[in-house]
$ cat model_21.cif   # mmCIF, C-alpha atoms (C1' of nucleotides)
data_query
#
loop_
_atom_site.label_atom_id
_atom_site.label_comp_id
_atom_site.auth_asym_id
_atom_site.auth_seq_id
_atom_site.Cartn_x
_atom_site.Cartn_y
_atom_site.Cartn_z
CA MET S 1 -9.20 -1.34 -5.94
CA GLY S 2 -9.11 0.07 -9.35
CA ARG S 3 -11.33 0.65 -12.30
CA GLY S 4 -12.63 -2.86 -12.15
CA LYS S 5 -12.90 -5.69 -9.71
CA ILE S 6 -10.47 -8.53 -10.24
CA VAL S 7 -10.45 -12.10 -9.08
CA ILE S 8 -7.40 -13.32 -7.25
CA ARG S 9 -5.89 -15.83 -9.59
CA ARG S 10 -2.66 -15.96 -11.55
CA ILE S 11 -2.58 -13.27 -14.23
CA ASP S 12 -1.99 -15.09 -17.48
CA ASN S 13 -0.75 -12.19 -19.56
CA SER S 14 2.89 -11.84 -18.57
CA THR S 15 3.04 -8.14 -19.32
CA SER S 16 0.17 -7.20 -17.07
CA ARG S 17 1.43 -9.68 -14.50
CA GLN S 18 4.70 -7.78 -14.48
CA VAL S 19 2.91 -4.42 -14.24
CA THR S 20 0.71 -5.61 -11.40
CA PHE S 21 3.75 -7.06 -9.68
CA SER S 22 5.57 -3.73 -9.73
CA LYS S 23 2.59 -1.82 -8.40
CA ARG S 24 1.66 -4.26 -5.68
CA ARG S 25 5.26 -4.82 -4.67
CA ASN S 26 5.61 -1.11 -4.02
CA GLY S 27 2.31 -1.18 -2.20
CA ILE S 28 3.23 -4.02 0.11
CA PHE S 29 6.65 -2.53 0.84
CA LYS S 30 4.96 0.69 1.87
CA LYS S 31 2.55 -1.25 4.08
CA ALA S 32 5.42 -3.14 5.65
CA LYS S 33 7.26 0.08 6.44
CA GLU S 34 4.15 1.65 7.92
CA LEU S 35 3.47 -1.40 10.07
CA ALA S 36 7.03 -1.41 11.35
CA ILE S 37 6.94 2.27 12.27
CA LEU S 38 3.39 2.60 13.55
CA CYS S 39 3.43 -0.57 15.61
CA ASP S 40 7.10 -0.75 16.50
CA ALA S 41 7.42 -4.16 14.87
CA GLU S 42 10.37 -5.91 13.27
CA VAL S 43 9.48 -6.85 9.73
CA GLY S 44 11.22 -8.93 7.11
CA LEU S 45 9.76 -9.36 3.66
CA MET S 46 11.25 -11.40 0.84
CA ILE S 47 9.68 -11.57 -2.58
CA PHE S 48 10.80 -13.52 -5.62
CA SER S 49 9.17 -12.44 -8.85
CA SER S 50 8.04 -15.01 -11.38
CA THR S 51 11.26 -14.22 -13.23
CA GLY S 52 13.22 -15.22 -10.16
CA ARG S 53 14.44 -11.81 -9.09
CA LEU S 54 14.66 -11.02 -5.39
CA TYR S 55 13.07 -7.98 -3.80
CA GLU S 56 13.37 -7.44 -0.10
CA TYR S 57 12.39 -5.11 2.67
CA THR S 58 13.34 -5.26 6.30
CA SER S 59 12.88 -2.76 9.10
CA THR S 60 16.16 -3.84 10.68
CA SER S 61 18.35 -6.35 8.88
CA MET S 62 17.53 -9.66 7.26
CA LYS S 63 20.17 -11.37 9.38
CA SER S 64 18.46 -10.16 12.51
CA VAL S 65 15.03 -11.17 11.26
CA ILE S 66 16.09 -14.65 10.14
CA ASP S 67 18.00 -15.28 13.35
CA ARG S 68 15.06 -14.15 15.43
CA TYR S 69 12.76 -16.29 13.31
CA GLY S 70 14.95 -19.31 13.97
CA LYS S 71 14.99 -18.62 17.68
CA ALA S 72 11.23 -18.15 17.80
CA LYS S 73 10.73 -21.42 15.95
CA GLU S 74 13.07 -23.37 18.15
CA GLU S 75 10.85 -22.65 21.11
CA HIS S 76 8.18 -24.72 19.46
CA GLN S 77 10.32 -27.47 18.05
CA VAL S 78 12.45 -30.24 19.36
CA VAL S 79 15.89 -29.10 18.42
CA ALA S 80 18.92 -31.27 17.95
CA ASN S 81 20.39 -31.50 21.41
CA PRO S 82 23.94 -30.16 21.23
CA ASN S 83 25.05 -32.85 23.67
CA SER S 84 23.46 -35.75 21.88
CA GLU S 85 25.11 -38.00 19.34
CA LEU S 86 25.21 -35.77 16.26
CA LYS S 87 21.47 -35.68 15.84
CA VAL S 88 21.09 -33.23 13.04
CA CYS S 89 18.29 -34.80 11.11
CA SER S 90 15.89 -32.01 12.01
CA LEU S 91 18.00 -29.66 9.91
CA ASP S 92 16.14 -30.59 6.78
CA LYS S 93 13.03 -29.14 8.23
CA PHE S 94 14.47 -26.16 10.03
CA PRO S 95 17.38 -24.64 8.22
CA TYR S 96 17.12 -21.49 10.30
CA ILE S 97 18.60 -23.25 13.30
CA TYR S 98 21.84 -23.74 11.45
CA SER S 99 23.41 -21.14 13.67
CA GLN S 100 23.04 -23.33 16.75
CA VAL S 101 23.94 -26.54 15.03
CA PHE S 102 26.88 -24.80 13.45
CA ALA S 103 28.12 -23.80 16.88
CA CYS S 104 27.65 -27.37 18.04
CA LEU S 105 29.40 -28.91 15.04
CA SER S 106 32.15 -26.38 15.27
CA LYS S 107 32.76 -27.31 18.87
CA ARG S 108 32.72 -31.01 18.09
CA LEU S 109 35.06 -30.50 15.19
CA ALA S 110 37.45 -28.58 17.43
CA LEU S 111 37.27 -31.32 20.06
CA LEU S 112 37.83 -34.08 17.54
CA LYS S 113 40.68 -32.17 15.96
CA ASN S 114 42.23 -31.61 19.34
CA CYS S 115 41.77 -35.23 20.24
CA LEU S 116 43.30 -36.35 16.99
CA LEU S 117 46.25 -34.01 17.42
CA ARG S 118 46.88 -35.15 20.97
CA LEU S 119 46.68 -38.77 19.93
CA TYR S 120 49.02 -38.07 17.04
CA ALA S 121 51.46 -36.18 19.27
CA TRP S 122 51.35 -38.91 21.86
CA HIS S 123 51.87 -41.39 19.09
CA LEU S 124 54.88 -39.51 17.78
CA MET S 125 56.38 -39.21 21.23
CA TYR S 126 55.80 -42.64 22.63
CA ILE S 127 55.02 -45.02 19.82
CA TYR S 128 56.83 -43.84 16.72
CA PRO S 129 60.30 -44.08 18.23
CA THR S 130 59.67 -47.70 19.12
CA LEU S 131 58.47 -48.55 15.64
CA LYS S 132 60.77 -49.57 12.84
CA HIS S 133 58.12 -50.12 10.23
CA ASN S 134 56.21 -47.35 8.56
CA ALA S 135 52.73 -46.47 9.69
CA ASN S 136 50.67 -45.93 6.61
CA ALA S 137 48.08 -43.68 8.19
CA GLU S 138 46.86 -41.25 5.61
CA CYS S 139 45.91 -38.58 8.09
CA ALA S 140 48.06 -35.51 8.24
CA MET H 1 -7.56 5.11 5.25
CA GLY H 2 -10.07 5.50 7.90
CA ARG H 3 -12.07 8.17 9.60
CA GLY H 4 -9.04 10.37 9.86
CA LYS H 5 -5.65 10.73 8.29
CA ILE H 6 -2.78 9.58 10.44
CA VAL H 7 0.92 10.35 10.35
CA ILE H 8 3.31 7.46 10.13
CA ARG H 9 5.06 7.48 13.46
CA ARG H 10 5.12 5.09 16.39
CA ILE H 11 1.74 4.94 18.09
CA ASP H 12 2.36 5.86 21.70
CA ASN H 13 -0.76 4.38 23.23
CA SER H 14 -0.01 0.70 23.57
CA THR H 15 -3.63 -0.39 23.29
CA SER H 16 -4.28 1.34 19.99
CA ARG H 17 -0.85 0.27 18.80
CA GLN H 18 -1.91 -3.31 19.43
CA VAL H 19 -5.25 -2.79 17.69
CA THR H 20 -3.63 -1.16 14.68
CA PHE H 21 -1.08 -3.97 14.60
CA SER H 22 -3.79 -6.61 14.38
CA LYS H 23 -5.66 -4.83 11.64
CA ARG H 24 -2.67 -3.98 9.51
CA ARG H 25 -1.08 -7.36 10.04
CA ASN H 26 -4.16 -8.98 8.57
CA GLY H 27 -4.11 -6.44 5.78
CA ILE H 28 -0.51 -7.04 4.81
CA PHE H 29 -0.95 -10.82 4.97
CA LYS H 30 -3.85 -10.52 2.57
CA LYS H 31 -1.76 -8.34 0.26
CA ALA H 32 1.09 -10.82 0.40
CA LYS H 33 -1.21 -13.69 -0.54
CA GLU H 34 -2.73 -11.73 -3.40
CA LEU H 35 0.69 -10.77 -4.71
CA ALA H 36 1.86 -14.36 -4.60
CA ILE H 37 -1.20 -15.63 -6.45
CA LEU H 38 -1.74 -12.83 -8.95
CA CYS H 39 1.90 -12.48 -9.91
CA ASP H 40 3.10 -16.03 -9.38
CA ALA H 41 5.68 -14.86 -6.86
CA GLU H 42 7.27 -16.62 -3.90
CA VAL H 43 6.71 -14.55 -0.80
CA GLY H 44 8.00 -14.81 2.73
CA LEU H 45 6.89 -12.40 5.42
CA MET H 46 8.02 -12.40 9.03
CA ILE H 47 6.67 -9.97 11.58
CA PHE H 48 7.60 -9.58 15.22
CA SER H 49 5.15 -7.52 17.24
CA SER H 50 6.42 -5.05 19.80
CA THR H 51 5.65 -7.72 22.39
CA GLY H 52 8.02 -10.07 20.59
CA ARG H 53 5.51 -12.46 19.17
CA LEU H 54 6.11 -13.92 15.70
CA TYR H 55 3.60 -13.81 12.88
CA GLU H 56 4.48 -15.25 9.53
CA TYR H 57 3.16 -15.80 6.06
CA THR H 58 4.74 -17.62 3.19
CA SER H 59 3.37 -18.69 -0.15
CA THR H 60 5.53 -21.83 -0.11
CA SER H 61 7.61 -22.59 2.98
CA MET H 62 9.91 -20.42 5.03
CA LYS H 63 12.69 -22.95 4.54
CA SER H 64 12.39 -22.56 0.80
CA VAL H 65 12.23 -18.78 0.99
CA ILE H 66 15.22 -18.43 3.33
CA ASP H 67 17.28 -20.90 1.33
CA ARG H 68 16.45 -19.09 -1.89
CA TYR H 69 17.24 -15.78 -0.22
CA GLY H 70 20.61 -17.12 0.84
CA LYS H 71 21.33 -18.38 -2.66
CA ALA H 72 20.29 -15.08 -4.23
CA LYS H 73 22.54 -13.20 -1.84
CA GLU H 74 25.50 -15.49 -2.35
CA GLU H 75 25.58 -14.52 -5.97
CA HIS H 76 26.53 -11.06 -4.85
CA GLN H 77 28.84 -11.99 -2.00
CA VAL H 78 32.15 -13.69 -1.54
CA VAL H 79 31.21 -16.85 0.26
CA ALA H 80 33.39 -18.95 2.46
CA ASN H 81 35.05 -21.39 0.11
CA PRO H 82 34.03 -24.89 1.18
CA ASN H 83 37.48 -26.18 0.25
CA SER H 84 39.42 -23.56 2.12
CA GLU H 85 40.83 -23.90 5.63
CA LEU H 86 37.67 -23.57 7.76
CA LYS H 87 37.07 -20.00 6.73
CA VAL H 88 33.74 -19.34 8.33
CA CYS H 89 34.23 -15.77 9.41
CA SER H 90 31.70 -14.50 6.89
CA LEU H 91 28.99 -16.38 8.75
CA ASP H 92 28.46 -13.50 11.10
CA LYS H 93 27.33 -11.42 8.19
CA PHE H 94 25.43 -14.04 6.24
CA PRO H 95 23.73 -16.55 8.46
CA TYR H 96 21.61 -17.77 5.58
CA ILE H 97 24.54 -19.57 4.06
CA TYR H 98 24.71 -21.87 7.06
CA SER H 99 23.36 -24.65 4.89
CA GLN H 100 26.49 -24.67 2.75
CA VAL H 101 28.90 -24.27 5.61
CA PHE H 102 27.04 -26.93 7.51
CA ALA H 103 27.52 -29.36 4.65
CA CYS H 104 31.18 -28.46 4.60
CA LEU H 105 31.65 -28.81 8.35
CA SER H 106 29.68 -32.00 8.35
CA LYS H 107 31.96 -33.46 5.72
CA ARG H 108 35.06 -32.36 7.59
CA LEU H 109 33.72 -33.79 10.81
CA ALA H 110 32.99 -37.10 9.12
CA LEU H 111 36.48 -37.14 7.62
CA LEU H 112 38.13 -36.33 10.92
CA LYS H 113 36.04 -38.89 12.72
CA ASN H 114 36.92 -41.51 10.14
CA CYS H 115 40.55 -40.56 10.35
CA LEU H 116 40.47 -40.76 14.13
CA LEU H 117 38.73 -44.13 14.08
CA ARG H 118 41.17 -45.58 11.58
CA LEU H 119 44.09 -44.30 13.58
CA TYR H 120 42.57 -45.72 16.73
CA ALA H 121 41.85 -49.07 15.08
CA TRP H 122 45.34 -49.20 13.65
CA HIS H 123 46.63 -48.32 17.08
CA LEU H 124 44.65 -51.10 18.73
CA MET H 125 45.78 -53.62 16.18
CA TYR H 126 49.45 -52.84 15.84
CA ILE H 127 50.52 -50.75 18.79
CA TYR H 128 48.44 -51.66 21.77
CA PRO H 129 49.50 -55.32 21.82
CA THR H 130 53.13 -54.26 21.96
CA LEU H 131 52.57 -51.88 24.86
CA LYS H 132 52.78 -52.95 28.44
CA HIS H 133 52.21 -49.54 29.99
CA ASN H 134 48.92 -47.73 29.99
CA ALA H 135 48.24 -45.04 27.46
CA ASN H 136 46.53 -42.24 29.25
CA ALA H 137 44.80 -40.81 26.24
CA GLU H 138 41.53 -39.31 27.28
CA CYS H 139 39.83 -39.77 23.96
CA ALA H 140 37.25 -42.53 23.74
"C1'" DA N 1 -8.82 -8.92 23.55
"C1'" DG N 2 -11.77 -9.76 19.57
"C1'" DG N 3 -15.89 -8.48 16.36
"C1'" DT N 4 -18.93 -4.90 13.91
"C1'" DC N 5 -19.79 -0.56 11.71
"C1'" DT N 6 -18.92 3.19 8.48
"C1'" DA N 7 -16.82 7.46 6.82
"C1'" DT N 8 -12.87 8.34 4.72
"C1'" DG N 9 -8.10 7.76 2.99
"C1'" DT N 10 -5.38 4.70 -0.03
"C1'" DA N 11 -4.14 1.45 -3.43
"C1'" DT N 12 -4.63 0.17 -7.81
"C1'" DA N 13 -7.05 -1.63 -12.55
"C1'" DA N 14 -7.77 0.22 -16.58
"C1'" DT N 15 -6.48 3.54 -19.71
"C1'" DA N 16 -3.90 6.83 -22.24
"C1'" DG N 17 0.51 8.98 -23.56
"C1'" DT B 1 8.43 -0.83 -21.40
"C1'" DC B 2 7.81 3.31 -17.98
"C1'" DT B 3 4.82 7.38 -16.30
"C1'" DA B 4 0.60 9.77 -15.35
"C1'" DT B 5 -4.31 9.88 -14.71
"C1'" DT B 6 -8.54 8.70 -12.62
"C1'" DA B 7 -12.54 6.01 -11.40
"C1'" DT B 8 -13.24 2.48 -8.26
"C1'" DA B 9 -12.49 -1.04 -4.95
"C1'" DC B 10 -10.45 -1.81 -0.79
"C1'" DA B 11 -8.28 -0.98 3.83
"C1'" DT B 12 -8.71 0.94 8.00
"C1'" DA B 13 -9.18 4.85 12.01
"C1'" DG B 14 -12.20 5.77 15.19
"C1'" DA B 15 -16.08 4.35 17.65
"C1'" DC B 16 -18.91 1.22 20.04
"C1'" DC B 17 -19.73 -3.43 21.76
#
$ encode --input "model_21.cif" --output "structure tokens"
Amino acid sequence: MGRGKIVIRRIDNSTSRQVTFSKRRNGIFKKAKELAILCDAEVGLMIFSSTGRLYEYTSTSMKSVIDRYGKAKEEHQVVANPNSELKVCSLDKFPYIYSQVFACLSKRLALLKNCLLRLYAWHLMYIYPTLKHNANAECA
Amino acid sequence: MGRGKIVIRRIDNSTSRQVTFSKRRNGIFKKAKELAILCDAEVGLMIFSSTGRLYEYTSTSMKSVIDRYGKAKEEHQVVANPNSELKVCSLDKFPYIYSQVFACLSKRLALLKNCLLRLYAWHLMYIYPTLKHNANAECA
DNA sequence: AGGTCTATGTATAATAG
DNA sequence: TCTATTATACATAGACC
């Protein structure tokens, strides 16, 4: 779509690669906007240039898009069961489910903390008074 | 770009909205691929149709793109300090930094667990034998 | 709901400033 | 580098299967 036909392969010349990047980036952002409006779609687009700079477009918010993406993916994946024994190995593959696993870990952490505190309190109340020697537990 | 010019507003007729969605979705995916190849860019594109279905394209992997997005954003944001006192309030705004907070929580959980186990072991070894009455701690 | 056709609108490669 | 121009290639609206 221009004066000459081009083949789709990496543009070697960095200057024209940069120029083409600017033009096509604008083009694809426009297309993304149009798609979102015309078709009532939620769109999230992230682009990293070859120089590493981030360009983004989203019809709503990237948080919303990424969260929704994670949710949509979970439906097709076996997700770490929040009630199972800390099975978080699938995280490597699906970082977008962090939100759920975070909630799970957070809960477990709270439970463990609570448990530890109760044990410690109980210890202070019932055990410590009966002890004459120092407990060298490092936990505070 | 077709037989007639159109204005960019939501297409009311759901059938033609669906048809336009299919066509333009293919179009934007093609553009995204071309951009990635021509300009050596990393691209991630997520689209949810008005019926809620997910369509995605990425030149690498969505995990990579989302992680990189999170990292790029963090540079411009104050992130929960992993060493601070469980300060995860910023998560609501930036879900893409879950990976870091997860690592942090994971570490804390492991520490707490270890602490709890040591305390429990110490308890079993030094305290339990000296107790004649039952400890009604609910933790296992 | 997907594929084909084709006239026409758009995007953009090449070029110049 | 950035901006403007323009000839061309491409995308797609509308139509019909």
$ closest_atom_pairs --input "model_21.cif" --of "chain B" --to "chain S" --cutoff "8 Å" --atoms "only C-alpha atoms (C1' of nucleotides)" --output "Markdown table"
| residue | atom | partner | partner_atom | distance |
| --- | --- | --- | --- | --- |
| B:DA7 | C1' | S:Arg3 | CA | 5.6 |
| B:DT8 | C1' | S:Arg3 | CA | 4.8 |
| B:DA9 | C1' | S:Met1 | CA | 3.4 |
| B:DC10 | C1' | S:Met1 | CA | 5.3 |
$ interface_residues --input "model_21.cif" --of "chain N" --to "chain H" --cutoff "9 Å" --atoms "only C-alpha atoms (C1' of nucleotides)" --output "VMD selection string"
chain N and resid 6 to 10
$ interface_residues --input "model_21.cif" --of "chain H" --to "chain S" --cutoff "6 Å" --atoms "only C-alpha atoms" --output "list in words"
Ile8, Arg9, Arg10, Ile11, Arg17, Phe21, Ile37, Leu38, Cys39, Asp40, Ala41, Glu42, Val43, Gly44, Leu45, Met46, Ile47, Phe48, Ser49, Ser50, Tyr98, Leu109 and Leu116 of chain H
$ resolve_selection --input "model_21.cif" --expression "the PyMOL selection byres ((chain N and resi 15) around 10)" --output "short mmCIF file (atom, residue, chain, number, x, y, z; two decimals) with C-alpha atoms (C1' of nucleotides), in the coordinates of the input"
data_model
loop_
_atom_site.label_atom_id
_atom_site.label_comp_id
_atom_site.auth_asym_id
_atom_site.auth_seq_id
_atom_site.Cartn_x
_atom_site.Cartn_y
_atom_site.Cartn_z
CA ARG S 3 -11.33 0.65 -12.30
"C1'" DA N 13 -7.05 -1.63 -12.55
"C1'" DA N 14 -7.77 0.22 -16.58
"C1'" DA N 16 -3.90 6.83 -22.24
"C1'" DG N 17 0.51 8.98 -23.56
"C1'" DT B 5 -4.31 9.88 -14.71
"C1'" DT B 6 -8.54 8.70 -12.62
#
$ resolve_selection --input "model_21.cif" --expression "the PyMOL selection byres ((chain N and resi 3) around 9)" --output "JSON, numbers by chain"
{"N": [2, 4], "B": [17]}
